[in-house]
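See structure below.
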Amino acid sequence: MSIFKIQSFQFWVGLSVLCLIILFISFSSFIIKYDPDVQNNPAENRLKKPSWKFCFGTDKFGRDVFSRVLYGGRISLLIAVSVVLFSAIIGSFYGAISGYFGGWLDQILMRFVDLLLSFPIIFLAITCMALFGSGHLMLIIVLTLTSWMDVARLVRAEVLSLKQRPFILKAKGAGLKTSRIIGRHLMPNVFLTVFTFSIIRMADIILIESALSFIGIGTQPPTASWGSMINDGKSYLPFEWWITFFPGIAILCTTMSLNFIGHGLKTLRE
Amino acid sequence: MDALLKIQLLKTQFHKKHGIVKAVDGVDLKIHQGETLSLVGESGCGKSITGLSIMKLVPPPGRIVAGSIEFKKRNILNLSEKQMSKIRGKEIGLILQDPLSALNPVITVGEQISEVIRTHFPVNRKEAKNRTLDLMEKVQLPNVSSLYDSYPHQLSGGLRQRVLIAIALSCSPSLVIADEPTTALDVSIQSQILSLLKNLKKEFQISLLLITHDFSVVAEMADRVAVMYAGKIVEQANTFDIFTNPIHPYTKSLLDAIPKLDFSGKKKTKTIVPLKGAVPDMMNLPDGCTFYPRCSIADESCQKSYPKGFLSDGGKFVSCFKAKLA
Amino acid sequence: MKILFNRIIYLIVLFIGIAIINFTLFFMSPGDPTNQYFSPKVKKSNLQILKQKMGVDLPWHKQLKNWSLHTLKGDLGYSWSKHRPVKDILKEAIPATLQLTIFALFINLIIGSLIGIFAGINSNRLSGKFLDILTLTIYSTPVFLLALFLIYVFSQKLQILPPSGMDSLRFGESGFWLTFFDRMRHIILPVSVLGLIGAATTSRYVQEHIKSVIKQDYIRMAFAKGLSLKRIYFKHAFKNALLPVATLIGIYFPFLLGSALIVEVVFAWPGMGRVTFEAISSKDYPVLMAVNMIAAIMVISGNLISDMLYRFIDPRIRIQ
């Protein structure tokens with residue numbers, strides 16, 4: 001099974017765009033000319049159109065929008081990757097244990113997941129951030145706590161069907177330790193499912209994170225984030241469009257390419 | 001007598017990314033009024049696709065690429081989808097193998113029968129319901145009035161197949177295509193369904209195209225038999241002739257592969273000879289005679305070209321080089 | 001019937017659970033209502049008395065009891081920032097939000113299902129592939145970005161629709177129809193945002209399920225019966241593809257509330273979302289608490305509705 005079998009055009013477009021975005025963001029320190037959070041002589045450089053000097057223009061404080069988009073991307077991607085990673089780890093183990101052992105343990109574990117899933121999670125998350133502060137760490141914790149359950153369900157279902165397959169029965173018959181069966185034999189087979197799900201989930205997390213920053217309870221100023229930049233720029237529409245346009249495009253490109261990749265990977269599974 | 005259905009040189013192909021599957025490759029068939037023709041062959045030889053081609057329901061990417069299908073002297077390949085939908089269900093009925101998947105799980109049994117009647121006849125719901133109840137009694141369903149409002153999952157396999165038969169017969173069609181109608185059923189139910197089909201066929205005066213791989217079904221039902229291999233008809237004859245005097249080596253080996261009981265107490269005169277090999281990869285068929293790799297009497301000449309069919313004495317159609325000599 | 005009864009009991013227990021967790025979160029949060037009176041001039045002992053009077057120095061279970069009793073009586077407390085009863089604030093906000101969300105849900109389900117069916121049936125054709133990409137694009141768009149885009153096009157460039165607010169005429173001043181049309185003009189943009197993004201999600205679900213449904217034998221049978229295309233797709237295929245949509249509705253309620261929050265902020269729509277937003281920025285705990293309870297009720301009713309729909313559509317479950 002190699003990814004080169006994927007014949008969807010969107011998948012390859014998505015993958016290349018995402019690689020480009022990641023490349024730009026990871027080497028942002030070498031690319032940018034201005035400090036993203038520092039005001040560059042606001043009196044002179046305020047609200048400048050995109051030009052050779054500021055290729056995405058400047059905002060109301062004279063800050064370079066290009067640098068801020070790149071730095072904002074760092075935060076957004078970092079948060080999304082951490083949330084997805086932690087959810088995948090927690091969810092995989094939870095789901096694998098539940099599915100592998102079955103019986104009353106499975107019942108209890110899954111009822112608990114049902115319970116959490118029928119919670120008005122987003123509102124609780126917002127409440128938590130409002131009550132206990134809204135740093136990046138808090139954001140990661142809250143979003144992880146609200147998104148591992150889907151992975152757990154997915155992995156459990158997969159493990160339930162894998163459990164009946166000959167190679168697992170053989171491993172059991174050979175007297176392997178349970179931890180080894182789960183770690184070495186089950187997990188690798190669940191990996192693609194979890195990975196595909198995580199890619200799509202990452203797009204959702206970026207959407208939620210940017211929405212929270214947009215209404216002002218995610219990333220706090222002056223740190224740049226795509227959501228808060230759009231919030232800053234919205235009062236300058238329709239004339240100073242570049243302040244909203246570029247971070248908006250950045251979000252859209254990232255989420256779209258993630259979704260396209262995710263759907264390409266889905267066809268691979270079928 | 002003119003044939004009710006006359007298929008000539010029918011070719012149905014599936015154009016896939018890695019090649020062309022010639023599922024039906026130049027098939028000639030005739031079905032006369034009131035006749036039962038059985039289409040026999042291993043699974044994957046194209047017999048189901050032949051059936052679906054007659055209804056113009058070949059699933060994509062499949063396409064009928066050549067030939068003609070004359071039904072009541074009209075070439076249905078020239079008909080539009082709209083004209084075709086007036087033939088489907090009304091003139092030609094279809095019975096599928098697995099009655100559970102062929103019935104819609106979220107629609108009541110009665111509705112699934114009566115919707116056919118309402119589609120093809122200008123009747124109101126009440127009249128359609130009455131006809132449906134009649135029909136359900138004819139296919140020997142019990143408690144028809146309560147069954148009318150049940151859902152497919154509440155019925156047993158045999159009853160579901162009866163519902164499918166009722167659907168196929170709902171508009172008294174002249175032709176019914178039955179694709180492995182008993183394969184998914186228990187053995188005890190199979191004979192019930194077959195005898196029901198036989199009786200209804202007489203009562204409704206329909207012709208039957210019976211697609212099967214089971215020679216016991218053929219023996220029970222068919223007037224004539226067409227044996228299909230890798231998209232082509234290799235032998236066609238009366239049922240009696242096929243069983244007593246098969247000519248094509250494929251037919252012979254199919255018949256040899258049937259286990260037979262010998263109650264005479266004497267030594268068995270015939271043993272089971274399993275057919276070696278499997279149906280070839282339809283995407284790259286061997287050159288020459290397609291059966292050649294599995295044939296016991298083939299020689300080099302068989303690799304060169306596909307044998308043209310010929311009519312042997314007694315009106316049998318056979319396409320084999322060796323059989324001609326024999 | 002018994003299953004439904006059990007289900008309702010489960011949902012009630014769930015609701016109580018949410019309520020307790022909700023309360024506990026606020027109980028654990030730093031600060032209490034007396035903070036707002038804190039200044040160098042106020043004596044510490046006076047604050048202590050105030051705390052006693054408000055009951056915020058009591059242990060967790062006693063406070064929980066007090067809070068539950070008050071909530072059950074319909075007393076949701078007093079807003080710290082607006083100095084009005086929370087109940088009154090919600091009374092104004094809830095209808096505004098319901099107008100928005102119910103309208104959006106209809107648009108979402110109708111447009112989403114239609115596009116989903118069409119894209120699913122034509123998934124091998126160019127039109128299907130185009131819709132597939134289009135819905136995935138809308139699905140990937142942040143709610144606020146779409147909102148800003150629509151404002152940019154329809155309010156700022158074309159200037160045909162108002163960018164914010166709920167009315168520009170006073171109610172009762174200009175007669176029913178004028179007021180009504182004015183409200184419609186204001187509601188179009190926010191409803192479009194909510195409806196479009198929801199429709200993209202719905203259509204992706206429907207599309208995926210239609211794709212697998214039309215490969216089923218019973219669809220082949222429907223064709224073999226000579227039924228009209230309309231009947232095949234809308235009766236035989238759609239009803240089966242509708243099952244997952246029924247589950248979706250349960251998920252949509254919290255999702256809609258969440259996106260409504262953002263849409264209301266962008267369009268200055270005076271609903272629950274806006275109330276929540278203001279409560280967050282002013283740390284108005286009683287309002288936040290009440291909003292959370294309303295959200296819980298919405299989620300629970302969403303669950304119940306989708307459960308009942310599922311039972312209604314799928315006979316295999318209904319009979320059991």
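A note on labels: chains of the structure tokens are A, B, ... as shown, every chain counts residues from 1, and ligands are counted from 1 in their shown order.
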What are the closest atom pairs, with distances in Å to one decimal, for each residue of chain B lying within 10 Å of chain C, using only C-alpha atoms, rows by chain and rising residue number, as JSON lines?
{"residue": "B:Leu52", "atom": "CA", "partner": "C:Ala224", "partner_atom": "CA", "distance": 9.1}
{"residue": "B:Met55", "atom": "CA", "partner": "C:Ala224", "partner_atom": "CA", "distance": 7.1}
{"residue": "B:Lys56", "atom": "CA", "partner": "C:Ala224", "partner_atom": "CA", "distance": 9.1}
{"residue": "B:Leu57", "atom": "CA", "partner": "C:Ala224", "partner_atom": "CA", "distance": 7.5}
{"residue": "B:Val58", "atom": "CA", "partner": "C:Arg220", "partner_atom": "CA", "distance": 9.5}
{"residue": "B:Pro59", "atom": "CA", "partner": "C:Lys215", "partner_atom": "CA", "distance": 8.5}
{"residue": "B:Pro60", "atom": "CA", "partner": "C:Asn124", "partner_atom": "CA", "distance": 9.3}
{"residue": "B:Pro61", "atom": "CA", "partner": "C:Asn124", "partner_atom": "CA", "distance": 9.5}
{"residue": "B:Glu81", "atom": "CA", "partner": "C:Gly226", "partner_atom": "CA", "distance": 9.7}
{"residue": "B:Lys82", "atom": "CA", "partner": "C:Ser228", "partner_atom": "CA", "distance": 8.6}
{"residue": "B:Gln83", "atom": "CA", "partner": "C:Gly226", "partner_atom": "CA", "distance": 9.6}
{"residue": "B:Met84", "atom": "CA", "partner": "C:Gly226", "partner_atom": "CA", "distance": 7.7}
{"residue": "B:Ser85", "atom": "CA", "partner": "C:Gly226", "partner_atom": "CA", "distance": 4.2}
{"residue": "B:Lys86", "atom": "CA", "partner": "C:Gly226", "partner_atom": "CA", "distance": 6.0}
{"residue": "B:Ile87", "atom": "CA", "partner": "C:Gly226", "partner_atom": "CA", "distance": 7.0}
{"residue": "B:Arg88", "atom": "CA", "partner": "C:Gly226", "partner_atom": "CA", "distance": 4.6}
{"residue": "B:Gly89", "atom": "CA", "partner": "C:Lys225", "partner_atom": "CA", "distance": 4.0}
{"residue": "B:Lys90", "atom": "CA", "partner": "C:Gly226", "partner_atom": "CA", "distance": 7.4}
{"residue": "B:Glu91", "atom": "CA", "partner": "C:Gly226", "partner_atom": "CA", "distance": 9.8}
{"residue": "B:Ile92", "atom": "CA", "partner": "C:Ala224", "partner_atom": "CA", "distance": 8.3}
{"residue": "B:Gly93", "atom": "CA", "partner": "C:Ala224", "partner_atom": "CA", "distance": 7.2}
{"residue": "B:Leu94", "atom": "CA", "partner": "C:Ala224", "partner_atom": "CA", "distance": 6.4}
{"residue": "B:Ile95", "atom": "CA", "partner": "C:Met221", "partner_atom": "CA", "distance": 8.4}
{"residue": "B:Leu96", "atom": "CA", "partner": "C:Met221", "partner_atom": "CA", "distance": 8.1}
{"residue": "B:Gln97", "atom": "CA", "partner": "C:Asp217", "partner_atom": "CA", "distance": 9.5}
{"residue": "B:Asp98", "atom": "CA", "partner": "C:Asp217", "partner_atom": "CA", "distance": 8.4}
{"residue": "B:Pro99", "atom": "CA", "partner": "C:Asp217", "partner_atom": "CA", "distance": 8.9}
{"residue": "B:Leu100", "atom": "CA", "partner": "C:Tyr218", "partner_atom": "CA", "distance": 8.7}
{"residue": "B:Ser101", "atom": "CA", "partner": "C:Asp217", "partner_atom": "CA", "distance": 5.5}
{"residue": "B:Ala102", "atom": "CA", "partner": "C:Tyr218", "partner_atom": "CA", "distance": 4.1}
{"residue": "B:Leu103", "atom": "CA", "partner": "C:Tyr218", "partner_atom": "CA", "distance": 5.1}
{"residue": "B:Asn104", "atom": "CA", "partner": "C:Tyr218", "partner_atom": "CA", "distance": 5.3}
{"residue": "B:Pro105", "atom": "CA", "partner": "C:Pro315", "partner_atom": "CA", "distance": 7.7}
{"residue": "B:Val106", "atom": "CA", "partner": "C:Asp314", "partner_atom": "CA", "distance": 5.9}
{"residue": "B:Ile107", "atom": "CA", "partner": "C:His236", "partner_atom": "CA", "distance": 7.9}
{"residue": "B:Thr108", "atom": "CA", "partner": "C:Pro315", "partner_atom": "CA", "distance": 9.0}
{"residue": "B:Gln112", "atom": "CA", "partner": "C:Ala222", "partner_atom": "CA", "distance": 8.9}
{"residue": "B:Ile113", "atom": "CA", "partner": "C:Lys225", "partner_atom": "CA", "distance": 9.3}
{"residue": "B:Glu115", "atom": "CA", "partner": "C:Leu227", "partner_atom": "CA", "distance": 8.0}
{"residue": "B:Val116", "atom": "CA", "partner": "C:Lys225", "partner_atom": "CA", "distance": 6.0}
{"residue": "B:Ile117", "atom": "CA", "partner": "C:Lys225", "partner_atom": "CA", "distance": 9.3}
{"residue": "B:Arg118", "atom": "CA", "partner": "C:Leu227", "partner_atom": "CA", "distance": 9.4}
{"residue": "B:Thr119", "atom": "CA", "partner": "C:Leu227", "partner_atom": "CA", "distance": 6.3}
{"residue": "B:His120", "atom": "CA", "partner": "C:Gly226", "partner_atom": "CA", "distance": 8.0}
{"residue": "B:Ser150", "atom": "CA", "partner": "C:Pro315", "partner_atom": "CA", "distance": 9.1}
{"residue": "B:Tyr151", "atom": "CA", "partner": "C:Pro315", "partner_atom": "CA", "distance": 7.0}
{"residue": "B:Pro152", "atom": "CA", "partner": "C:Arg316", "partner_atom": "CA", "distance": 9.1}
{"residue": "B:His153", "atom": "CA", "partner": "C:Arg316", "partner_atom": "CA", "distance": 7.0}
{"residue": "B:Gln154", "atom": "CA", "partner": "C:Arg316", "partner_atom": "CA", "distance": 8.4}
{"residue": "B:Leu164", "atom": "CA", "partner": "C:Met221", "partner_atom": "CA", "distance": 9.3}
{"residue": "B:Ile167", "atom": "CA", "partner": "C:Lys225", "partner_atom": "CA", "distance": 7.9}
{"residue": "B:Ala168", "atom": "CA", "partner": "C:Lys225", "partner_atom": "CA", "distance": 7.9}
{"residue": "B:Ser170", "atom": "CA", "partner": "C:Lys225", "partner_atom": "CA", "distance": 9.6}
{"residue": "B:Cys171", "atom": "CA", "partner": "C:Lys225", "partner_atom": "CA", "distance": 9.8}
(message) List as a VMD selection string the protein and nucleic acid residues near Phe204 (chain B), meaning an atom at most 10 Å away when only C-alpha atoms are counted, but skip any in the same chain fewer than 2 places from it.
(response) chain B and resid 34 169 172 to 174 199 to 202 206 to 207
Please, which residues of chain C lie no more than 8 Å from chain A when the count uses only C-alpha atoms, and can they be set out as a PDB file with N, CA, C and O atoms, in the first residue's frame?
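Saved result, selection22.pdb, follows:
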ATOM      1  N   LEU C  14     -28.118  12.685  31.939  1.00  0.00           N
ATOM      2  CA  LEU C  14     -27.062  13.416  31.245  1.00  0.00           C
ATOM      3  C   LEU C  14     -27.169  14.909  31.545  1.00  0.00           C
ATOM      4  O   LEU C  14     -26.178  15.577  31.845  1.00  0.00           O
ATOM      5  N   ILE C  18     -24.429  17.320  33.225  1.00  0.00           N
ATOM      6  CA  ILE C  18     -23.897  18.541  32.623  1.00  0.00           C
ATOM      7  C   ILE C  18     -24.057  19.713  33.590  1.00  0.00           C
ATOM      8  O   ILE C  18     -23.144  20.512  33.785  1.00  0.00           O
ATOM      9  N   ASN C  22     -21.073  21.875  35.020  1.00  0.00           N
ATOM     10  CA  ASN C  22     -21.134  23.294  34.722  1.00  0.00           C
ATOM     11  C   ASN C  22     -20.973  24.121  36.000  1.00  0.00           C
ATOM     12  O   ASN C  22     -20.138  25.021  36.088  1.00  0.00           O
ATOM     13  N   LEU C  25     -17.419  23.892  37.480  1.00  0.00           N
ATOM     14  CA  LEU C  25     -16.436  24.720  36.769  1.00  0.00           C
ATOM     15  C   LEU C  25     -16.443  26.144  37.325  1.00  0.00           C
ATOM     16  O   LEU C  25     -15.392  26.724  37.603  1.00  0.00           O
ATOM     17  N   PHE C  26     -17.654  26.673  37.481  1.00  0.00           N
ATOM     18  CA  PHE C  26     -17.747  28.042  37.983  1.00  0.00           C
ATOM     19  C   PHE C  26     -17.330  28.118  39.448  1.00  0.00           C
ATOM     20  O   PHE C  26     -16.720  29.085  39.883  1.00  0.00           O
ATOM     21  N   SER C  29     -13.594  28.268  39.612  1.00  0.00           N
ATOM     22  CA  SER C  29     -12.911  29.370  38.949  1.00  0.00           C
ATOM     23  C   SER C  29     -12.437  30.400  39.968  1.00  0.00           C
ATOM     24  O   SER C  29     -13.062  30.584  41.020  1.00  0.00           O
ATOM     25  N   PRO C  30     -11.317  31.042  39.675  1.00  0.00           N
ATOM     26  CA  PRO C  30     -10.801  32.041  40.609  1.00  0.00           C
ATOM     27  C   PRO C  30     -11.764  33.217  40.713  1.00  0.00           C
ATOM     28  O   PRO C  30     -12.424  33.582  39.749  1.00  0.00           O
ATOM     29  N   LEU C 136     -16.466  20.680  -0.411  1.00  0.00           N
ATOM     30  CA  LEU C 136     -15.294  20.543   0.464  1.00  0.00           C
ATOM     31  C   LEU C 136     -14.659  21.907   0.731  1.00  0.00           C
ATOM     32  O   LEU C 136     -14.154  22.169   1.823  1.00  0.00           O
ATOM     33  N   THR C 137     -14.716  22.789  -0.282  1.00  0.00           N
ATOM     34  CA  THR C 137     -14.164  24.128  -0.088  1.00  0.00           C
ATOM     35  C   THR C 137     -14.977  24.908   0.931  1.00  0.00           C
ATOM     36  O   THR C 137     -14.415  25.512   1.857  1.00  0.00           O
ATOM     37  N   SER C 140     -14.354  23.785   4.316  1.00  0.00           N
ATOM     38  CA  SER C 140     -13.065  24.199   4.870  1.00  0.00           C
ATOM     39  C   SER C 140     -13.005  25.678   5.211  1.00  0.00           C
ATOM     40  O   SER C 140     -11.997  26.155   5.709  1.00  0.00           O
ATOM     41  N   THR C 141     -14.066  26.421   4.881  1.00  0.00           N
ATOM     42  CA  THR C 141     -14.027  27.864   5.098  1.00  0.00           C
ATOM     43  C   THR C 141     -14.424  28.204   6.532  1.00  0.00           C
ATOM     44  O   THR C 141     -15.437  27.705   7.016  1.00  0.00           O
ATOM     45  N   PRO C 142     -13.651  29.053   7.212  1.00  0.00           N
ATOM     46  CA  PRO C 142     -14.068  29.476   8.542  1.00  0.00           C
ATOM     47  C   PRO C 142     -15.362  30.287   8.455  1.00  0.00           C
ATOM     48  O   PRO C 142     -15.549  31.058   7.514  1.00  0.00           O
ATOM     49  N   VAL C 143     -16.228  30.105   9.446  1.00  0.00           N
ATOM     50  CA  VAL C 143     -17.526  30.777   9.463  1.00  0.00           C
ATOM     51  C   VAL C 143     -17.360  32.294   9.330  1.00  0.00           C
ATOM     52  O   VAL C 143     -18.016  32.944   8.515  1.00  0.00           O
ATOM     53  N   PHE C 144     -16.422  32.840  10.113  1.00  0.00           N
ATOM     54  CA  PHE C 144     -16.301  34.304  10.128  1.00  0.00           C
ATOM     55  C   PHE C 144     -15.769  34.833   8.803  1.00  0.00           C
ATOM     56  O   PHE C 144     -16.125  35.924   8.374  1.00  0.00           O
ATOM     57  N   LEU C 145     -14.957  34.020   8.128  1.00  0.00           N
ATOM     58  CA  LEU C 145     -14.414  34.466   6.850  1.00  0.00           C
ATOM     59  C   LEU C 145     -15.516  34.555   5.796  1.00  0.00           C
ATOM     60  O   LEU C 145     -15.612  35.534   5.049  1.00  0.00           O
ATOM     61  N   LEU C 148     -17.588  37.599   6.572  1.00  0.00           N
ATOM     62  CA  LEU C 148     -16.956  38.839   6.129  1.00  0.00           C
ATOM     63  C   LEU C 148     -17.002  38.978   4.612  1.00  0.00           C
ATOM     64  O   LEU C 148     -17.222  40.051   4.076  1.00  0.00           O
ATOM     65  N   TYR C 152     -18.726  41.872   2.553  1.00  0.00           N
ATOM     66  CA  TYR C 152     -17.916  42.631   1.592  1.00  0.00           C
ATOM     67  C   TYR C 152     -18.645  42.735   0.259  1.00  0.00           C
ATOM     68  O   TYR C 152     -18.774  43.812  -0.318  1.00  0.00           O
ATOM     69  N   GLN C 156     -20.999  45.947   1.171  1.00  0.00           N
ATOM     70  CA  GLN C 156     -20.047  47.022   0.920  1.00  0.00           C
ATOM     71  C   GLN C 156     -19.890  47.324  -0.565  1.00  0.00           C
ATOM     72  O   GLN C 156     -19.845  48.474  -0.960  1.00  0.00           O
ATOM     73  N   LYS C 157     -19.853  46.272  -1.396  1.00  0.00           N
ATOM     74  CA  LYS C 157     -19.673  46.534  -2.830  1.00  0.00           C
ATOM     75  C   LYS C 157     -21.023  46.786  -3.515  1.00  0.00           C
ATOM     76  O   LYS C 157     -21.247  47.816  -4.117  1.00  0.00           O
ATOM     77  N   PRO C 254     -25.541  21.579  18.780  1.00  0.00           N
ATOM     78  CA  PRO C 254     -24.406  22.287  19.378  1.00  0.00           C
ATOM     79  C   PRO C 254     -23.544  22.993  18.337  1.00  0.00           C
ATOM     80  O   PRO C 254     -23.056  24.101  18.566  1.00  0.00           O
ATOM     81  N   GLY C 258     -22.667  26.942  18.190  1.00  0.00           N
ATOM     82  CA  GLY C 258     -21.287  27.411  18.161  1.00  0.00           C
ATOM     83  C   GLY C 258     -21.060  28.376  17.016  1.00  0.00           C
ATOM     84  O   GLY C 258     -20.493  29.462  17.198  1.00  0.00           O
ATOM     85  N   ILE C 262     -20.476  32.926  16.486  1.00  0.00           N
ATOM     86  CA  ILE C 262     -19.561  33.742  15.681  1.00  0.00           C
ATOM     87  C   ILE C 262     -20.325  34.615  14.696  1.00  0.00           C
ATOM     88  O   ILE C 262     -20.032  35.799  14.527  1.00  0.00           O
ATOM     89  N   VAL C 265     -21.788  37.546  16.392  1.00  0.00           N
ATOM     90  CA  VAL C 265     -20.781  38.563  16.704  1.00  0.00           C
ATOM     91  C   VAL C 265     -20.479  39.397  15.458  1.00  0.00           C
ATOM     92  O   VAL C 265     -20.456  40.621  15.498  1.00  0.00           O
ATOM     93  N   PHE C 277     -20.810  36.200  23.981  1.00  0.00           N
ATOM     94  CA  PHE C 277     -19.581  36.929  23.651  1.00  0.00           C
ATOM     95  C   PHE C 277     -19.339  38.068  24.634  1.00  0.00           C
ATOM     96  O   PHE C 277     -18.240  38.237  25.172  1.00  0.00           O
ATOM     97  N   ILE C 280     -18.407  36.763  28.006  1.00  0.00           N
ATOM     98  CA  ILE C 280     -17.020  36.313  28.096  1.00  0.00           C
ATOM     99  C   ILE C 280     -16.101  37.509  28.309  1.00  0.00           C
ATOM    100  O   ILE C 280     -15.248  37.510  29.193  1.00  0.00           O
ATOM    101  N   SER C 281     -16.308  38.546  27.513  1.00  0.00           N
ATOM    102  CA  SER C 281     -15.392  39.674  27.614  1.00  0.00           C
ATOM    103  C   SER C 281     -15.537  40.389  28.948  1.00  0.00           C
ATOM    104  O   SER C 281     -14.566  40.961  29.449  1.00  0.00           O
ATOM    105  N   LYS C 283     -16.529  38.838  31.750  1.00  0.00           N
ATOM    106  CA  LYS C 283     -16.499  37.816  32.810  1.00  0.00           C
ATOM    107  C   LYS C 283     -17.790  37.813  33.616  1.00  0.00           C
ATOM    108  O   LYS C 283     -17.792  37.808  34.844  1.00  0.00           O
ATOM    109  N   LEU C 288     -22.994  33.489  31.700  1.00  0.00           N
ATOM    110  CA  LEU C 288     -22.299  32.356  31.083  1.00  0.00           C
ATOM    111  C   LEU C 288     -22.897  31.040  31.556  1.00  0.00           C
ATOM    112  O   LEU C 288     -23.101  30.102  30.774  1.00  0.00           O
ATOM    113  N   ASN C 292     -24.718  28.259  29.273  1.00  0.00           N
ATOM    114  CA  ASN C 292     -24.284  26.870  29.233  1.00  0.00           C
ATOM    115  C   ASN C 292     -25.442  25.908  29.468  1.00  0.00           C
ATOM    116  O   ASN C 292     -25.526  24.855  28.844  1.00  0.00           O
ATOM    117  N   ALA C 295     -27.441  25.744  26.357  1.00  0.00           N
ATOM    118  CA  ALA C 295     -26.754  24.915  25.368  1.00  0.00           C
ATOM    119  C   ALA C 295     -26.974  23.448  25.690  1.00  0.00           C
ATOM    120  O   ALA C 295     -27.214  22.633  24.790  1.00  0.00           O
ATOM    121  N   ALA C 296     -26.910  23.107  26.970  1.00  0.00           N
ATOM    122  CA  ALA C 296     -27.115  21.715  27.367  1.00  0.00           C
ATOM    123  C   ALA C 296     -28.510  21.244  26.959  1.00  0.00           C
ATOM    124  O   ALA C 296     -28.674  20.151  26.415  1.00  0.00           O
ATOM    125  N   VAL C 299     -28.578  20.616  23.274  1.00  0.00           N
ATOM    126  CA  VAL C 299     -27.893  19.385  22.904  1.00  0.00           C
ATOM    127  C   VAL C 299     -28.769  18.181  23.207  1.00  0.00           C
ATOM    128  O   VAL C 299     -28.916  17.265  22.388  1.00  0.00           O
ATOM    129  N   ILE C 300     -29.377  18.212  24.382  1.00  0.00           N
ATOM    130  CA  ILE C 300     -30.212  17.084  24.775  1.00  0.00           C
ATOM    131  C   ILE C 300     -31.412  16.953  23.840  1.00  0.00           C
ATOM    132  O   ILE C 300     -31.753  15.857  23.403  1.00  0.00           O
ATOM    133  N   ASN C 303     -30.335  15.465  20.595  1.00  0.00           N
ATOM    134  CA  ASN C 303     -30.176  14.026  20.727  1.00  0.00           C
ATOM    135  C   ASN C 303     -31.506  13.301  20.625  1.00  0.00           C
ATOM    136  O   ASN C 303     -31.627  12.295  19.933  1.00  0.00           O
TER     137      ASN C 303
END
(request) Could you tell me, as a PyMOL selection string, which residues of region 13-170 of chain B DSSP assigns to strand (DSSP E) when given the backbone? (result) chain B and resi 13-16+19-31+36-40+62-71+74-75+92-95
Would you put the residues from that selection into a file with C-alpha atoms, as a tab-separated table (two decimals), in the first residue's frame?
chain	number	residue	atom	x	y	z
B	13	GLN	CA	-17.72	-4.42	-22.15
B	14	PHE	CA	-16.35	-2.80	-19.03
B	15	HIS	CA	-13.75	-0.18	-19.84
B	16	LYS	CA	-11.58	0.01	-16.78
B	19	GLY	CA	-7.99	-2.72	-19.56
B	20	ILE	CA	-11.22	-3.88	-21.10
B	21	VAL	CA	-13.31	-6.64	-19.62
B	22	LYS	CA	-15.32	-8.32	-22.37
B	23	ALA	CA	-18.01	-9.65	-20.08
B	24	VAL	CA	-20.32	-10.55	-22.95
B	25	ASP	CA	-18.55	-11.16	-26.24
B	26	GLY	CA	-20.75	-11.92	-29.20
B	27	VAL	CA	-23.66	-13.78	-27.67
B	28	ASP	CA	-26.52	-15.14	-29.81
B	29	LEU	CA	-29.63	-16.28	-28.02
B	30	LYS	CA	-33.29	-16.85	-28.81
B	31	ILE	CA	-36.14	-17.31	-26.43
B	36	THR	CA	-37.56	-21.64	-20.46
B	37	LEU	CA	-34.00	-21.08	-21.53
B	38	SER	CA	-31.31	-21.76	-19.02
B	39	LEU	CA	-28.02	-19.90	-19.18
B	40	VAL	CA	-25.38	-21.97	-17.43
B	62	GLY	CA	-20.11	-1.35	-18.31
B	63	ARG	CA	-21.56	-0.58	-21.75
B	64	ILE	CA	-23.29	-2.49	-24.50
B	65	VAL	CA	-20.97	-1.85	-27.42
B	66	ALA	CA	-22.39	-3.94	-30.24
B	67	GLY	CA	-25.12	-6.31	-31.31
B	68	SER	CA	-28.86	-6.17	-31.17
B	69	ILE	CA	-31.51	-7.28	-28.72
B	70	GLU	CA	-34.87	-7.73	-30.37
B	71	PHE	CA	-37.74	-7.96	-27.97
B	74	ARG	CA	-38.21	-4.12	-31.56
B	75	ASN	CA	-34.52	-3.57	-31.09
B	92	ILE	CA	-39.68	-7.92	-18.61
B	93	GLY	CA	-39.49	-8.87	-14.96
B	94	LEU	CA	-36.31	-9.43	-12.99
B	95	ILE	CA	-35.64	-11.78	-10.08
(message) Env of Gly183 (chain A): 12 Å cut, atoms = only C-alpha atoms, seq-sep filter 3 positions within chain, self excluded. Answer as JSON, numbers by chain.
(response) {"A": [92, 93, 96, 97, 100, 159, 168, 176, 177, 178, 179, 180, 186, 187, 188, 189, 190, 191]}
